[in-house]
$ cat run.txt   # compact mmCIF, C-alpha atoms
# COMPACT_ATOMS: atom_id res chain seq x y z
CA MET A 39 22.34 7.10 27.11
CA PHE A 40 21.27 9.99 24.85
CA ILE A 41 22.25 9.31 21.27
CA GLY A 42 22.29 11.52 18.23
CA ILE A 43 22.35 15.15 19.46
CA ALA A 44 24.83 16.14 16.74
CA ALA A 45 22.84 14.38 14.03
CA ALA A 46 19.64 15.99 15.24
CA LEU A 47 21.21 19.45 15.21
CA ALA A 48 22.38 18.92 11.64
CA ALA A 49 19.08 17.51 10.34
CA PRO A 50 17.10 19.67 7.89
CA ARG A 51 14.01 21.25 9.45
CA THR A 52 10.54 21.57 8.00
CA GLN A 53 9.91 24.61 5.79
CA THR A 54 6.20 24.82 6.63
CA PRO A 55 5.29 28.49 7.18
CA VAL A 56 5.56 29.26 10.88
CA LYS A 57 1.95 30.23 11.49
CA GLU A 58 0.66 27.17 9.61
CA ARG A 59 2.48 24.66 11.81
CA PRO A 60 0.10 22.56 13.90
CA LYS A 61 -0.74 23.93 17.33
CA LEU A 62 -2.87 21.37 19.10
CA ARG A 63 -5.07 21.87 22.14
CA TRP A 64 -6.16 18.65 23.89
CA VAL A 65 -9.59 18.46 25.58
CA ASP A 66 -9.56 15.41 27.85
CA LEU A 67 -12.94 13.69 28.14
CA SER A 68 -12.97 13.04 31.88
CA ALA A 69 -11.28 16.20 33.16
CA ASN A 70 -13.50 18.50 31.07
CA TRP A 71 -16.80 16.67 31.31
CA LYS A 72 -18.60 19.33 33.36
CA THR A 73 -17.02 22.35 31.66
CA PHE A 74 -18.00 21.25 28.15
CA SER A 75 -21.52 20.05 28.91
CA SER A 76 -23.24 22.77 26.86
CA PRO A 77 -22.86 24.19 23.34
CA ASP A 78 -22.27 27.69 24.74
CA SER A 79 -19.23 26.48 26.68
CA VAL A 80 -17.80 24.77 23.60
CA ALA A 81 -18.22 27.94 21.53
CA TYR A 82 -16.65 30.08 24.27
CA TYR A 83 -13.53 27.95 24.67
CA VAL A 84 -13.08 27.30 20.96
CA LYS A 85 -12.85 31.08 20.58
CA LYS A 86 -10.34 31.22 23.46
CA CYS A 87 -8.21 28.62 21.67
CA LYS A 88 -8.47 30.49 18.39
CA ASP A 89 -7.51 33.77 20.07
CA ALA A 90 -4.42 32.00 21.46
CA VAL A 91 -3.62 31.08 17.82
CA PHE A 92 -4.25 27.35 18.12
CA ASN A 93 -5.39 25.73 14.89
CA THR A 94 -6.32 22.20 15.98
CA ILE A 95 -8.48 20.76 18.77
CA LEU A 96 -8.18 17.16 19.98
CA VAL A 97 -11.53 16.22 21.49
CA GLY A 98 -11.59 13.24 23.86
CA VAL A 99 -14.45 10.91 22.92
CA LYS A 100 -13.25 7.67 24.54
CA GLY A 101 -11.42 7.62 27.85
CA SER A 102 -10.28 4.73 30.02
CA ALA A 103 -13.80 4.01 31.36
CA SER A 104 -14.94 2.49 28.01
CA ALA A 105 -18.01 4.65 27.39
CA VAL A 106 -17.86 7.06 24.45
CA ALA A 107 -19.11 10.62 23.99
CA PHE A 108 -20.92 10.10 20.70
CA PRO A 109 -24.00 8.05 19.74
CA SER A 110 -22.44 4.61 19.31
CA GLU A 111 -24.16 1.34 18.48
CA ILE A 112 -21.03 -0.56 19.51
CA ALA A 113 -19.66 0.94 22.74
CA PRO A 114 -21.57 2.09 25.83
CA VAL A 115 -22.45 5.78 25.59
CA LEU A 116 -21.32 8.14 28.35
CA THR A 117 -24.12 10.38 29.60
CA GLU A 118 -23.08 10.86 33.26
CA TRP A 119 -19.66 11.40 34.80
CA LYS A 120 -18.70 12.56 38.30
CA GLY A 121 -22.33 13.35 39.07
CA VAL A 122 -22.91 15.51 35.99
CA THR A 123 -25.45 14.35 33.40
CA ARG A 124 -25.45 15.85 29.93
CA PRO A 125 -28.70 16.53 28.02
CA ALA A 126 -29.78 13.55 25.92
CA ASP A 127 -29.95 15.65 22.74
CA TYR A 128 -26.53 17.27 23.19
CA ASP A 129 -24.14 16.38 20.34
CA PHE A 130 -20.81 16.97 22.07
CA LEU A 131 -18.49 16.02 19.22
CA GLY A 132 -20.75 17.51 16.56
CA THR A 133 -20.75 20.82 18.42
CA PHE A 134 -16.95 20.87 18.56
CA ILE A 135 -16.73 20.12 14.84
CA GLU A 136 -19.21 22.88 14.00
CA GLU A 137 -17.63 25.51 16.23
CA GLY A 138 -14.08 24.49 15.40
CA HIS A 139 -14.62 24.62 11.65
CA LYS A 140 -16.47 27.92 12.01
CA ALA A 141 -13.30 29.27 13.65
CA GLY A 142 -11.09 27.83 10.91
CA MET A 143 -9.66 25.10 13.13
CA GLN A 144 -9.20 21.38 12.53
CA VAL A 145 -10.93 18.95 14.88
CA TYR A 146 -9.74 15.43 15.76
CA ALA A 147 -11.55 12.86 17.90
CA SER A 148 -9.18 11.21 20.39
CA PHE A 149 -9.45 7.66 21.76
CA ASP A 150 -7.81 5.84 24.66
CA VAL A 151 -7.45 2.65 22.65
CA PHE A 152 -6.33 -0.40 24.62
CA CYS A 153 -7.71 0.48 28.05
CA GLU A 154 -11.23 -0.42 29.14
CA GLY A 155 -11.35 0.33 32.84
CA HIS A 156 -11.06 3.34 35.14
CA GLY A 157 -9.44 1.97 38.28
CA ILE A 158 -10.43 4.87 40.54
CA PHE A 159 -14.16 4.77 39.76
CA LYS A 160 -14.27 1.05 38.88
CA ARG A 161 -16.04 1.76 35.61
CA GLY A 162 -15.49 0.14 32.22
CA LEU A 163 -16.00 -3.07 30.30
CA LEU A 164 -13.28 -4.90 32.20
CA TYR A 165 -15.34 -4.68 35.39
CA ASP A 166 -17.96 -6.81 33.63
CA LYS A 167 -17.31 -10.57 33.92
CA LYS A 168 -18.38 -10.91 30.28
CA TYR A 169 -15.11 -9.25 29.24
CA ASP A 170 -12.87 -10.84 31.85
CA ASN A 171 -10.81 -12.67 29.24
CA TRP A 172 -9.99 -9.32 27.56
CA GLN A 173 -7.94 -8.18 30.53
CA SER A 174 -4.21 -7.81 30.41
CA THR A 175 -2.40 -10.44 32.48
CA ASN A 176 0.52 -8.69 34.14
CA TYR A 177 3.62 -10.36 35.50
CA VAL A 178 3.90 -8.38 38.73
CA PRO A 179 7.09 -8.43 40.86
CA GLY A 180 6.51 -10.50 43.97
CA SER A 181 2.95 -11.45 42.97
CA GLY A 182 3.24 -13.40 39.72
CA PHE A 183 0.46 -13.30 37.13
CA VAL A 184 -2.26 -10.80 38.07
CA LYS A 185 -5.24 -9.47 36.10
CA SER A 186 -4.98 -5.75 35.42
CA SER A 187 -8.07 -4.90 37.46
CA ASP A 188 -6.72 -6.79 40.49
CA ILE A 189 -3.50 -4.78 40.75
CA PRO A 190 -3.73 -2.54 43.86
CA GLY A 191 -3.88 1.16 43.05
CA LYS A 192 -4.18 0.56 39.32
CA ALA A 193 -5.67 3.75 37.82
CA THR A 194 -5.99 2.53 34.23
CA VAL A 195 -7.05 -1.03 33.47
CA PHE A 196 -5.68 -2.38 30.19
CA THR A 197 -6.84 -5.00 27.75
CA ASN A 198 -4.57 -7.52 26.08
CA PRO A 199 -3.78 -5.95 22.67
CA VAL A 200 -2.79 -9.33 21.27
CA LEU A 201 -6.40 -10.60 21.25
CA PRO A 202 -8.03 -10.28 17.80
CA GLU A 203 -11.42 -9.58 19.39
CA VAL A 204 -9.93 -6.67 21.35
CA GLN A 205 -8.29 -5.20 18.26
CA ASP A 206 -11.47 -5.62 16.20
CA TYR A 207 -13.59 -3.98 18.88
CA GLU A 208 -11.32 -0.97 19.36
CA ARG A 209 -10.95 -0.47 15.61
CA SER A 210 -14.69 -0.71 15.09
CA ILE A 211 -15.31 2.17 17.51
CA ILE A 212 -12.73 4.38 15.81
CA LEU A 213 -14.19 3.64 12.37
CA GLU A 214 -17.76 4.10 13.61
CA CYS A 215 -16.93 7.57 14.90
CA ALA A 216 -15.19 8.47 11.63
CA ARG A 217 -18.20 7.21 9.67
CA LYS A 218 -20.76 9.07 11.79
CA TYR A 219 -18.76 12.31 11.63
CA PRO A 220 -17.31 12.55 8.11
CA ALA A 221 -16.52 16.24 8.70
CA LEU A 222 -13.91 15.24 11.30
CA ASP A 223 -10.40 16.10 10.19
CA GLY A 224 -8.90 13.05 11.83
CA VAL A 225 -8.76 10.51 14.65
CA MET A 226 -6.11 10.62 17.37
CA LEU A 227 -5.06 7.32 18.95
CA ASP A 228 -3.69 7.40 22.48
CA ARG A 229 -2.61 4.45 24.65
CA THR A 230 -2.22 2.29 21.56
CA ARG A 231 0.22 0.08 23.41
CA PHE A 232 0.71 -2.57 26.04
CA ASP A 233 0.17 -1.57 29.66
CA ASN A 234 3.87 -1.77 30.60
CA ILE A 235 6.77 -4.24 30.58
CA GLN A 236 4.66 -6.62 32.70
CA SER A 237 2.04 -7.12 30.00
CA ASP A 238 0.85 -9.45 28.54
CA PHE A 239 1.55 -12.89 30.03
CA SER A 240 -1.72 -14.64 29.24
CA GLN A 241 -1.71 -18.12 27.77
CA TYR A 242 -3.07 -16.69 24.52
CA SER A 243 -0.09 -14.33 24.22
CA LYS A 244 2.26 -17.20 25.00
CA LYS A 245 0.83 -19.26 22.13
CA GLU A 246 0.97 -16.33 19.72
CA PHE A 247 4.57 -15.61 20.66
CA GLU A 248 5.47 -19.27 20.12
CA LYS A 249 3.95 -19.06 16.63
CA TYR A 250 6.01 -15.96 15.96
CA ILE A 251 9.35 -17.52 16.92
CA GLY A 252 8.47 -21.04 15.71
CA LYS A 253 9.43 -22.62 19.05
CA LYS A 254 7.85 -23.72 22.30
CA VAL A 255 8.68 -21.65 25.36
CA LYS A 256 9.57 -24.29 27.92
CA HIS A 257 10.08 -22.06 30.93
CA TRP A 258 7.35 -19.46 31.33
CA PRO A 259 7.98 -16.65 32.07
CA GLU A 260 11.68 -17.19 32.85
CA ASP A 261 12.57 -17.69 29.17
CA ILE A 262 11.18 -14.18 28.60
CA TYR A 263 12.36 -12.62 31.86
CA GLU A 264 11.95 -13.01 35.59
CA TRP A 265 11.69 -10.62 38.50
CA VAL A 266 14.57 -11.29 40.87
CA PRO A 267 14.33 -10.02 44.50
CA ASP A 268 17.32 -7.90 45.51
CA GLY A 269 16.95 -8.28 49.28
CA ASP A 270 15.43 -4.92 50.23
CA GLY A 271 11.90 -5.51 48.98
CA LYS A 272 12.71 -4.45 45.42
CA PHE A 273 13.04 -6.49 42.27
CA SER A 274 15.23 -6.35 39.19
CA LEU A 275 14.46 -7.75 35.75
CA LYS A 276 16.60 -10.67 34.60
CA GLU A 277 16.35 -11.23 30.86
CA GLY A 278 15.67 -14.70 29.50
CA LYS A 279 16.84 -16.16 26.19
CA TYR A 280 13.78 -14.91 24.28
CA PHE A 281 13.59 -11.44 25.82
CA LYS A 282 14.69 -9.52 22.72
CA GLN A 283 12.36 -11.49 20.46
CA TRP A 284 9.54 -10.85 22.94
CA ILE A 285 10.19 -7.12 22.68
CA GLU A 286 10.24 -7.40 18.88
CA TRP A 287 7.02 -9.45 18.76
CA ARG A 288 5.11 -7.01 20.96
CA ALA A 289 6.15 -4.16 18.64
CA SER A 290 4.80 -6.19 15.71
CA VAL A 291 1.41 -6.47 17.43
CA ILE A 292 1.06 -2.69 17.79
CA TYR A 293 2.44 -2.03 14.30
CA ASN A 294 -0.07 -4.40 12.72
CA PHE A 295 -2.93 -2.71 14.56
CA PHE A 296 -1.90 0.67 13.17
CA ALA A 297 -1.42 -0.75 9.67
CA LYS A 298 -4.86 -2.36 9.51
CA THR A 299 -6.57 0.63 11.11
CA ARG A 300 -5.00 2.97 8.57
CA GLN A 301 -6.00 0.70 5.69
CA GLU A 302 -9.64 0.53 6.77
CA LEU A 303 -9.87 4.23 7.69
CA LYS A 304 -8.48 5.36 4.34
CA ALA A 305 -10.71 2.91 2.45
CA MET A 306 -13.71 4.53 4.12
CA ASN A 307 -12.52 8.15 3.90
CA PRO A 308 -9.19 8.87 2.18
CA ASP A 309 -9.15 12.42 3.56
CA MET A 310 -9.49 11.37 7.20
CA LYS A 311 -6.14 11.70 8.97
CA LEU A 312 -4.71 9.03 11.27
CA ALA A 313 -2.85 10.54 14.21
CA ALA A 314 -1.18 9.15 17.32
CA TYR A 315 0.29 10.26 20.62
CA THR A 316 3.04 8.56 22.63
CA GLY A 317 5.47 9.54 25.32
CA ALA A 318 8.72 11.04 23.99
CA TRP A 319 11.05 8.74 25.98
CA TYR A 320 11.98 6.37 23.15
CA PRO A 321 14.96 4.67 24.89
CA SER A 322 12.55 3.04 27.36
CA TYR A 323 9.32 3.08 25.34
CA TYR A 324 10.06 -0.43 24.07
CA GLU A 325 8.60 -1.50 27.43
CA VAL A 326 5.09 -0.80 26.08
CA GLY A 327 5.63 -2.26 22.61
CA ALA A 328 5.24 0.97 20.62
CA ASN A 329 7.97 1.70 18.08
CA TRP A 330 7.06 5.23 17.01
CA ALA A 331 10.30 5.84 15.12
CA SER A 332 10.86 5.93 11.37
CA LYS A 333 11.42 2.66 9.53
CA ASP A 334 14.73 4.20 8.43
CA TYR A 335 16.04 4.27 11.99
CA ASP A 336 17.67 1.08 13.30
CA PRO A 337 17.62 1.03 17.12
CA SER A 338 19.63 -2.21 17.22
CA LEU A 339 22.69 -0.07 16.47
CA ASP A 340 22.09 1.92 19.65
CA PHE A 341 20.33 -0.37 22.14
CA GLU A 342 20.95 -3.88 23.42
CA TRP A 343 17.21 -4.58 23.75
CA ALA A 344 16.54 -4.12 20.03
CA THR A 345 16.91 -6.84 17.42
CA PRO A 346 17.75 -5.99 13.77
CA ARG A 347 14.07 -6.75 12.97
CA TYR A 348 12.71 -4.30 15.53
CA LYS A 349 12.94 -1.50 12.96
CA ASP A 350 10.49 -3.40 10.71
CA TYR A 351 7.73 -2.50 13.16
CA ALA A 352 8.34 1.26 13.25
CA TYR A 353 5.07 2.99 12.47
CA ALA A 354 5.90 6.68 11.91
CA GLU A 355 5.23 6.34 8.19
CA LEU A 356 1.72 5.02 8.87
CA LEU A 357 0.69 8.30 10.51
CA ASP A 358 -0.53 11.58 9.04
CA LEU A 359 0.13 13.44 12.28
CA TYR A 360 2.15 12.53 15.34
CA THR A 361 2.62 14.22 18.70
CA ASN A 362 4.61 13.11 21.72
CA GLY A 363 4.87 14.19 25.32
CA ASN A 364 8.00 16.07 26.36
CA TYR A 365 6.71 15.91 29.92
CA TYR A 366 9.59 17.42 31.88
CA TRP A 367 10.20 20.37 34.21
CA ASN A 368 13.69 20.81 32.80
CA VAL A 369 13.40 22.65 29.50
CA THR A 370 16.97 23.12 28.28
CA LEU A 371 19.84 20.69 28.10
CA ASP A 372 21.76 22.96 30.48
CA GLU A 373 18.95 22.71 33.06
CA TYR A 374 18.97 18.94 32.76
CA ARG A 375 22.73 18.75 33.16
CA ARG A 376 22.52 20.86 36.33
CA SER A 377 19.76 18.64 37.78
CA ASN A 378 20.16 15.27 39.50
CA GLN A 379 19.21 13.83 36.07
CA ALA A 380 17.27 10.83 37.44
CA HIS A 381 13.74 10.57 36.06
CA MET A 382 11.01 7.93 35.91
CA ASN A 383 8.52 8.30 33.08
CA GLU A 384 4.89 7.21 33.34
CA THR A 385 5.39 3.91 31.50
CA ASP A 386 8.83 3.00 32.84
CA SER A 387 9.73 0.12 35.13
CA LYS A 388 12.77 1.90 36.55
CA VAL A 389 14.43 5.27 36.90
CA SER A 390 16.51 6.38 33.94
CA THR A 391 18.92 9.12 32.92
CA GLY A 392 19.83 10.68 29.59
CA GLU A 393 19.70 14.01 27.82
CA HIS A 394 16.44 13.07 26.11
CA LEU A 395 14.79 13.62 29.53
CA CYS A 396 14.21 17.34 29.07
CA VAL A 397 12.16 19.29 26.53
CA GLU A 398 15.06 20.37 24.34
CA GLY A 399 16.76 17.00 24.42
CA ALA A 400 13.53 15.08 23.76
CA CYS A 401 12.76 17.22 20.72
CA LYS A 402 16.24 16.79 19.26
CA TYR A 403 16.11 13.06 19.95
CA SER A 404 12.71 12.72 18.30
CA HIS A 405 13.91 14.47 15.14
CA ASN A 406 16.87 12.12 14.96
CA ILE A 407 14.86 8.90 15.06
CA LEU A 408 11.87 10.14 13.05
CA LYS A 409 14.12 11.13 10.13
CA ASN A 410 11.98 13.11 7.65
CA ASN A 411 8.71 12.58 9.51
CA ALA A 412 7.38 15.69 11.23
CA PHE A 413 6.35 15.58 14.87
CA ILE A 414 4.64 17.95 17.27
CA GLY A 415 6.23 18.37 20.69
CA GLY A 416 3.76 18.21 23.54
CA LEU A 417 3.63 19.61 27.08
CA TYR A 418 1.83 18.51 30.22
CA VAL A 419 0.89 21.79 31.91
CA GLU A 420 0.88 20.25 35.41
CA ASP A 421 4.64 19.68 35.14
CA TYR A 422 5.18 23.42 35.67
CA GLY A 423 3.16 23.90 38.84
CA ASP A 424 2.53 27.62 39.28
CA SER A 425 5.57 28.73 37.27
CA ALA A 426 4.19 30.54 34.23
CA GLU A 427 7.75 31.49 33.23
CA GLN A 428 8.99 27.89 33.07
CA PHE A 429 5.85 26.95 31.15
CA LYS A 430 6.39 29.76 28.62
CA LYS A 431 10.00 28.65 28.18
CA ALA A 432 8.80 25.09 27.49
CA VAL A 433 6.21 26.33 24.98
CA ARG A 434 8.84 28.24 23.07
CA MET A 435 11.30 25.34 23.12
CA ASN A 436 8.70 22.95 21.69
CA MET A 437 7.86 25.39 18.92
CA ARG A 438 11.54 25.96 18.13
CA GLU A 439 12.73 22.36 18.22
CA SER A 440 9.68 20.44 16.94
CA ASP A 441 7.24 20.99 14.08
CA GLY A 442 4.48 22.51 16.17
CA LEU A 443 3.03 22.49 19.68
CA MET A 444 0.61 20.34 21.66
CA ILE A 445 -0.78 21.40 25.03
CA PHE A 446 -2.25 18.84 27.41
CA ASP A 447 -4.68 19.78 28.76
CA ILE A 448 -7.07 22.70 28.39
CA VAL A 449 -8.36 22.07 31.91
CA HIS A 450 -4.97 23.11 33.34
CA ILE A 451 -4.89 26.33 31.32
CA ILE A 452 -8.41 27.15 32.48
CA LYS A 453 -7.54 26.39 36.12
CA ARG A 454 -4.44 28.61 36.07
CA ASP A 455 -5.86 31.23 33.70
CA TRP A 456 -2.70 30.96 31.62
CA TRP A 457 -4.29 32.09 28.35
CA ILE A 458 -2.25 35.29 28.21
CA PRO A 459 1.14 33.70 29.07
CA LEU A 460 0.45 30.94 26.55
CA ALA A 461 -0.50 33.32 23.73
CA ALA A 462 2.45 35.59 24.56
CA ALA A 463 4.94 32.71 24.40
CA ILE A 464 3.56 31.50 21.06
CA ALA A 465 3.58 35.00 19.56
CA ALA A 466 7.13 35.73 20.73
CA GLU A 467 8.54 32.48 19.35
CA GLU A 468 6.67 32.75 16.06
CA ALA A 469 8.05 36.25 15.54
CA LEU A 470 11.60 34.96 16.01
CA MET A 471 11.01 31.96 13.76
CA GLU A 472 9.49 34.08 11.00
CA ALA A 473 12.41 36.48 11.12
CA ALA A 474 14.83 33.54 10.84
CA GLN A 475 12.85 31.99 7.99
CA ASP A 476 12.93 35.27 6.03
CA LYS A 477 16.74 35.47 6.14

$ encode --input "run.txt" --output "structure tokens"
Amino acid sequence: MFIGIAAALAAPRTQTPVKERPKLRWVDLSANWKTFSSPDSVAYYVKKCKDAVFNTILVGVKGSASAVAFPSEIAPVLTEWKGVTRPADYDFLGTFIEEGHKAGMQVYASFDVFCEGHGIFKRGLLYDKKYDNWQSTNYVPGSGFVKSSDIPGKATVFTNPVLPEVQDYERSIILECARKYPALDGVMLDRTRFDNIQSDFSQYSKKEFEKYIGKKVKHWPEDIYEWVPDGDGKFSLKEGKYFKQWIEWRASVIYNFFAKTRQELKAMNPDMKLAAYTGAWYPSYYEVGANWASKDYDPSLDFEWATPRYKDYAYAELLDLYTNGNYYWNVTLDEYRRSNQAHMNETDSKVSTGEHLCVEGACKYSHNILKNNAFIGGLYVEDYGDSAEQFKKAVRMNMRESDGLMIFDIVHIIKRDWWIPLAAAIAAEEALMEAAQDK
């Protein structure tokens, strides 16, 4: 159910000057490896972004395959990907910082945090037996407990975020990058979550959960939940007596990671910004343990899965910048209402419905639960196929209903040559917004 449209419509909006609002362009590490393998290419596309009036670039430096695109003493360093080898003396991130700052843009380094394996190419730390105990243990319908890397068709292999050694390792890479590149404007954390509702059912997580609730879990995993066959090869989730506390505890794990990371980042460099990305589908995002709402929003008043303590692990106030993915073809609420309405988001265990499942609805919903915290609405260009008009409409809606714009990913703009439609949509919406702000 979509909750809070009226409240969101009535909420005061940011008064940041229109042209100063963040406009973020994401540069995914894997998808853009070949394109950005020389300084000339970086300079060329930074200018393209600037000409399209973007003011911030999110540069992928750690993807799901573990290796990083900066000279690390902690993580493996990525020098070759998909058959393309970069020159040994090429400072990828440093070049982006230099060119971005020269153009007057901010530059963030982005990290895929709790994943350490690329399932398609079988690359990453979790394919090394040395790190086998770091893997997420998933409770898979019909199969029981399965290591993340053993799940058929698994594209992204996750760690267990509960493990202190995993948290320490991931944090150390983020802090190392921030230390080596003090001119960075910030670090962007992606996939700072559990894999999905199936994760993590390791014995270590069981013991930590028992500490949290102060009781032994006698029936594992049934006291959390169990997958019940429905007779046609599908399964439904049957909640156990500790299900809600399990959901709460997982949110506490992710919250505490953000809190400690912020503390250590700010102690090292108070000016370095901590940013995060999540999906925008909050009503089902509890499945991955990430409560990106404001601490002033109490989801237990709206959802059966939330305990009164769930709000204690909301981390919006820990962030300096936040963007989420309004990854939908339907842009307006009217379009959603005319559609079949069923949608299954990337992290979901089942199909859902609700007016938050379109760009306009997701933005309004986000404002409602983030309270006074700004957020930047994001788009996945692939959602719009070859329809430049639908894409332009989505760009304008994000700018109108959120506090900025994030485009994922630059590779899709390059492939479609949508620089002109993108710039035109931004310019048109900014002109309207400025006129409204001047009234």

$ closest_atom_pairs --input "run.txt" --of "range 52-169 of chain A" --to "range 433-448 of chain A" --cutoff "10 Å" --atoms "only C-alpha atoms" --output "tab-separated table"
residue	atom	partner	partner_atom	distance
A:Thr52	CA	A:Asp441	CA	6.9
A:Gln53	CA	A:Asp441	CA	9.4
A:Thr54	CA	A:Asp441	CA	8.4
A:Val56	CA	A:Gly442	CA	8.6
A:Lys57	CA	A:Gly442	CA	9.4
A:Glu58	CA	A:Gly442	CA	8.9
A:Arg59	CA	A:Gly442	CA	5.3
A:Pro60	CA	A:Gly442	CA	4.9
A:Lys61	CA	A:Leu443	CA	4.7
A:Leu62	CA	A:Met444	CA	4.4
A:Arg63	CA	A:Ile445	CA	5.2
A:Trp64	CA	A:Asp447	CA	5.2
A:Val65	CA	A:Ile448	CA	5.7
A:Asp66	CA	A:Asp447	CA	6.6
A:Ala69	CA	A:Asp447	CA	8.7
A:Asn70	CA	A:Ile448	CA	8.1
A:Tyr83	CA	A:Ile448	CA	9.1
A:Cys87	CA	A:Ile448	CA	9.0
A:Phe92	CA	A:Leu443	CA	8.9
A:Thr94	CA	A:Met444	CA	9.2
A:Ile95	CA	A:Met444	CA	9.5
A:Leu96	CA	A:Met444	CA	9.5

$ axis_aligned_box --input "run.txt" --around "range 365-383 of chain A" --padding-each-side "3 Å" --output "lines of an AutoDock Vina configuration file"
center_x = 14.7
center_y = 15.5
center_z = 33.8
size_x = 22.0
size_y = 21.2
size_z = 17.4

$ closest_atom_pairs --input "run.txt" --of "range 241-292 of chain A" --to "range 181-189 of chain A" --cutoff "12 Å" --atoms "all atoms listed in the file" --output "CSV"
residue,atom,partner,partner_atom,distance
A:Gln241,CA,A:Phe183,CA,10.7
A:Trp258,CA,A:Phe183,CA,10.9
A:Pro259,CA,A:Gly182,CA,9.6
A:Glu260,CA,A:Gly182,CA,11.5
A:Glu264,CA,A:Gly182,CA,9.6
A:Trp265,CA,A:Gly182,CA,9.0
A:Val266,CA,A:Gly182,CA,11.6
A:Pro267,CA,A:Ser181,CA,11.6
A:Phe273,CA,A:Ser181,CA,11.3

$ closest_atom_pairs --input "run.txt" --of "range 324-358 of chain A" --to "range 362-371 of chain A" --cutoff "12 Å" --atoms "all atoms listed in the file" --output "JSON lines"
{"residue": "A:Trp330", "atom": "CA", "partner": "A:Asn362", "partner_atom": "CA", "distance": 9.5}
{"residue": "A:Ala331", "atom": "CA", "partner": "A:Asn362", "partner_atom": "CA", "distance": 11.3}
{"residue": "A:Ala354", "atom": "CA", "partner": "A:Asn362", "partner_atom": "CA", "distance": 11.8}

$ closest_residue --input "run.txt" --among "A:Ala465, A:Val151, A:Cys401, A:Ile235" --to "Tyr207 in chain A" --atoms "only C-alpha atoms"
A:Val151

$ residues_around --input "run.txt" --residues "Leu408 in chain A" --least-positions-apart "4" --cutoff "10 Å" --atoms "all atoms listed in the file" --output "list in words"
Ala46, Trp330, Ala331, Ser332, Lys333, Asp334, Tyr335, Ala352, Tyr353, Ala354, Glu355, Tyr403, Ser404, Ala412 and Phe413 of chain A

$ closest_residue --input "run.txt" --among "A:His381, A:His257, A:Lys86, A:Lys282" --to "Asp455 in chain A" --atoms "all atoms listed in the file"
A:Lys86

$ residues_around --input "run.txt" --residues "Phe429 in chain A" --least-positions-apart "2" --cutoff "9 Å" --atoms "all atoms listed in the file" --output "PDB file with C-alpha atoms, in the coordinates of the input"
ATOM      1  CA  TRP A 367      10.200  20.370  34.210  1.00  0.00           C
ATOM      2  CA  VAL A 369      13.400  22.650  29.500  1.00  0.00           C
ATOM      3  CA  LEU A 417       3.630  19.610  27.080  1.00  0.00           C
ATOM      4  CA  VAL A 419       0.890  21.790  31.910  1.00  0.00           C
ATOM      5  CA  ASP A 421       4.640  19.680  35.140  1.00  0.00           C
ATOM      6  CA  TYR A 422       5.180  23.420  35.670  1.00  0.00           C
ATOM      7  CA  GLY A 423       3.160  23.900  38.840  1.00  0.00           C
ATOM      8  CA  ASP A 424       2.530  27.620  39.280  1.00  0.00           C
ATOM      9  CA  SER A 425       5.570  28.730  37.270  1.00  0.00           C
ATOM     10  CA  ALA A 426       4.190  30.540  34.230  1.00  0.00           C
ATOM     11  CA  GLU A 427       7.750  31.490  33.230  1.00  0.00           C
ATOM     12  CA  LYS A 431      10.000  28.650  28.180  1.00  0.00           C
ATOM     13  CA  ALA A 432       8.800  25.090  27.490  1.00  0.00           C
ATOM     14  CA  VAL A 433       6.210  26.330  24.980  1.00  0.00           C
ATOM     15  CA  ARG A 434       8.840  28.240  23.070  1.00  0.00           C
ATOM     16  CA  PRO A 459       1.140  33.700  29.070  1.00  0.00           C
ATOM     17  CA  LEU A 460       0.450  30.940  26.550  1.00  0.00           C
ATOM     18  CA  ALA A 463       4.940  32.710  24.400  1.00  0.00           C
TER      19      ALA A 463
END

$ closest_residue --input "run.txt" --among "A:Leu116, A:Leu227, A:Ile212, A:Ile135" --to "Asp150 in chain A" --atoms "only C-alpha atoms"
A:Leu227

$ atom_distance --input "run.txt" --atom1 "CA of Tyr250 in chain A" --atom2 "CA of Thr175 in chain A"
19.3 Å

$ closest_residue --input "run.txt" --among "A:Val200, A:Ala221, A:Met471, A:Ala314" --to "Gly327 in chain A" --atoms "all atoms listed in the file"
A:Val200

$ atom_distance --input "run.txt" --atom1 "CA of Thr133 in chain A" --atom2 "CA of Ala81 in chain A"
8.2 Å

$ atom_distance --input "run.txt" --atom1 "CA of Ala469 in chain A" --atom2 "CA of Lys402 in chain A"
21.4 Å

$ closest_residue --input "run.txt" --among "A:Phe296, A:Glu467, A:His394, A:Val291" --to "Ala380 in chain A" --atoms "all atoms listed in the file"
A:His394

$ closest_residue --input "run.txt" --among "A:Ser243, A:Asn410, A:Thr123, A:Thr316" --to "Trp284 in chain A" --atoms "all atoms listed in the file"
A:Ser243

$ residues_near_point --input "run.txt" --point "(-21.3, 23.7, 15.3)" --cutoff "12 Å" --atoms "all atoms listed in the file" --output "list in words"
Ser76, Pro77, Asp78, Ser79, Val80, Ala81, Tyr82, Val84, Tyr128, Asp129, Phe130, Leu131, Gly132, Thr133, Phe134, Ile135, Glu136, Glu137, Gly138, His139, Lys140, Ala141, Gly142, Met143, Val145, Ala221 and Leu222 of chain A

$ residues_around --input "run.txt" --residues "Val326 in chain A" --least-positions-apart "4" --cutoff "10 Å" --atoms "all atoms listed in the file" --output "list in words"
Arg229, Thr230, Arg231, Phe232, Asp233, Asn234, Ile235, Gln236, Ser237, Asp238, Ile285, Arg288, Ala289, Ile292, Ser322, Thr385 and Asp386 of chain A
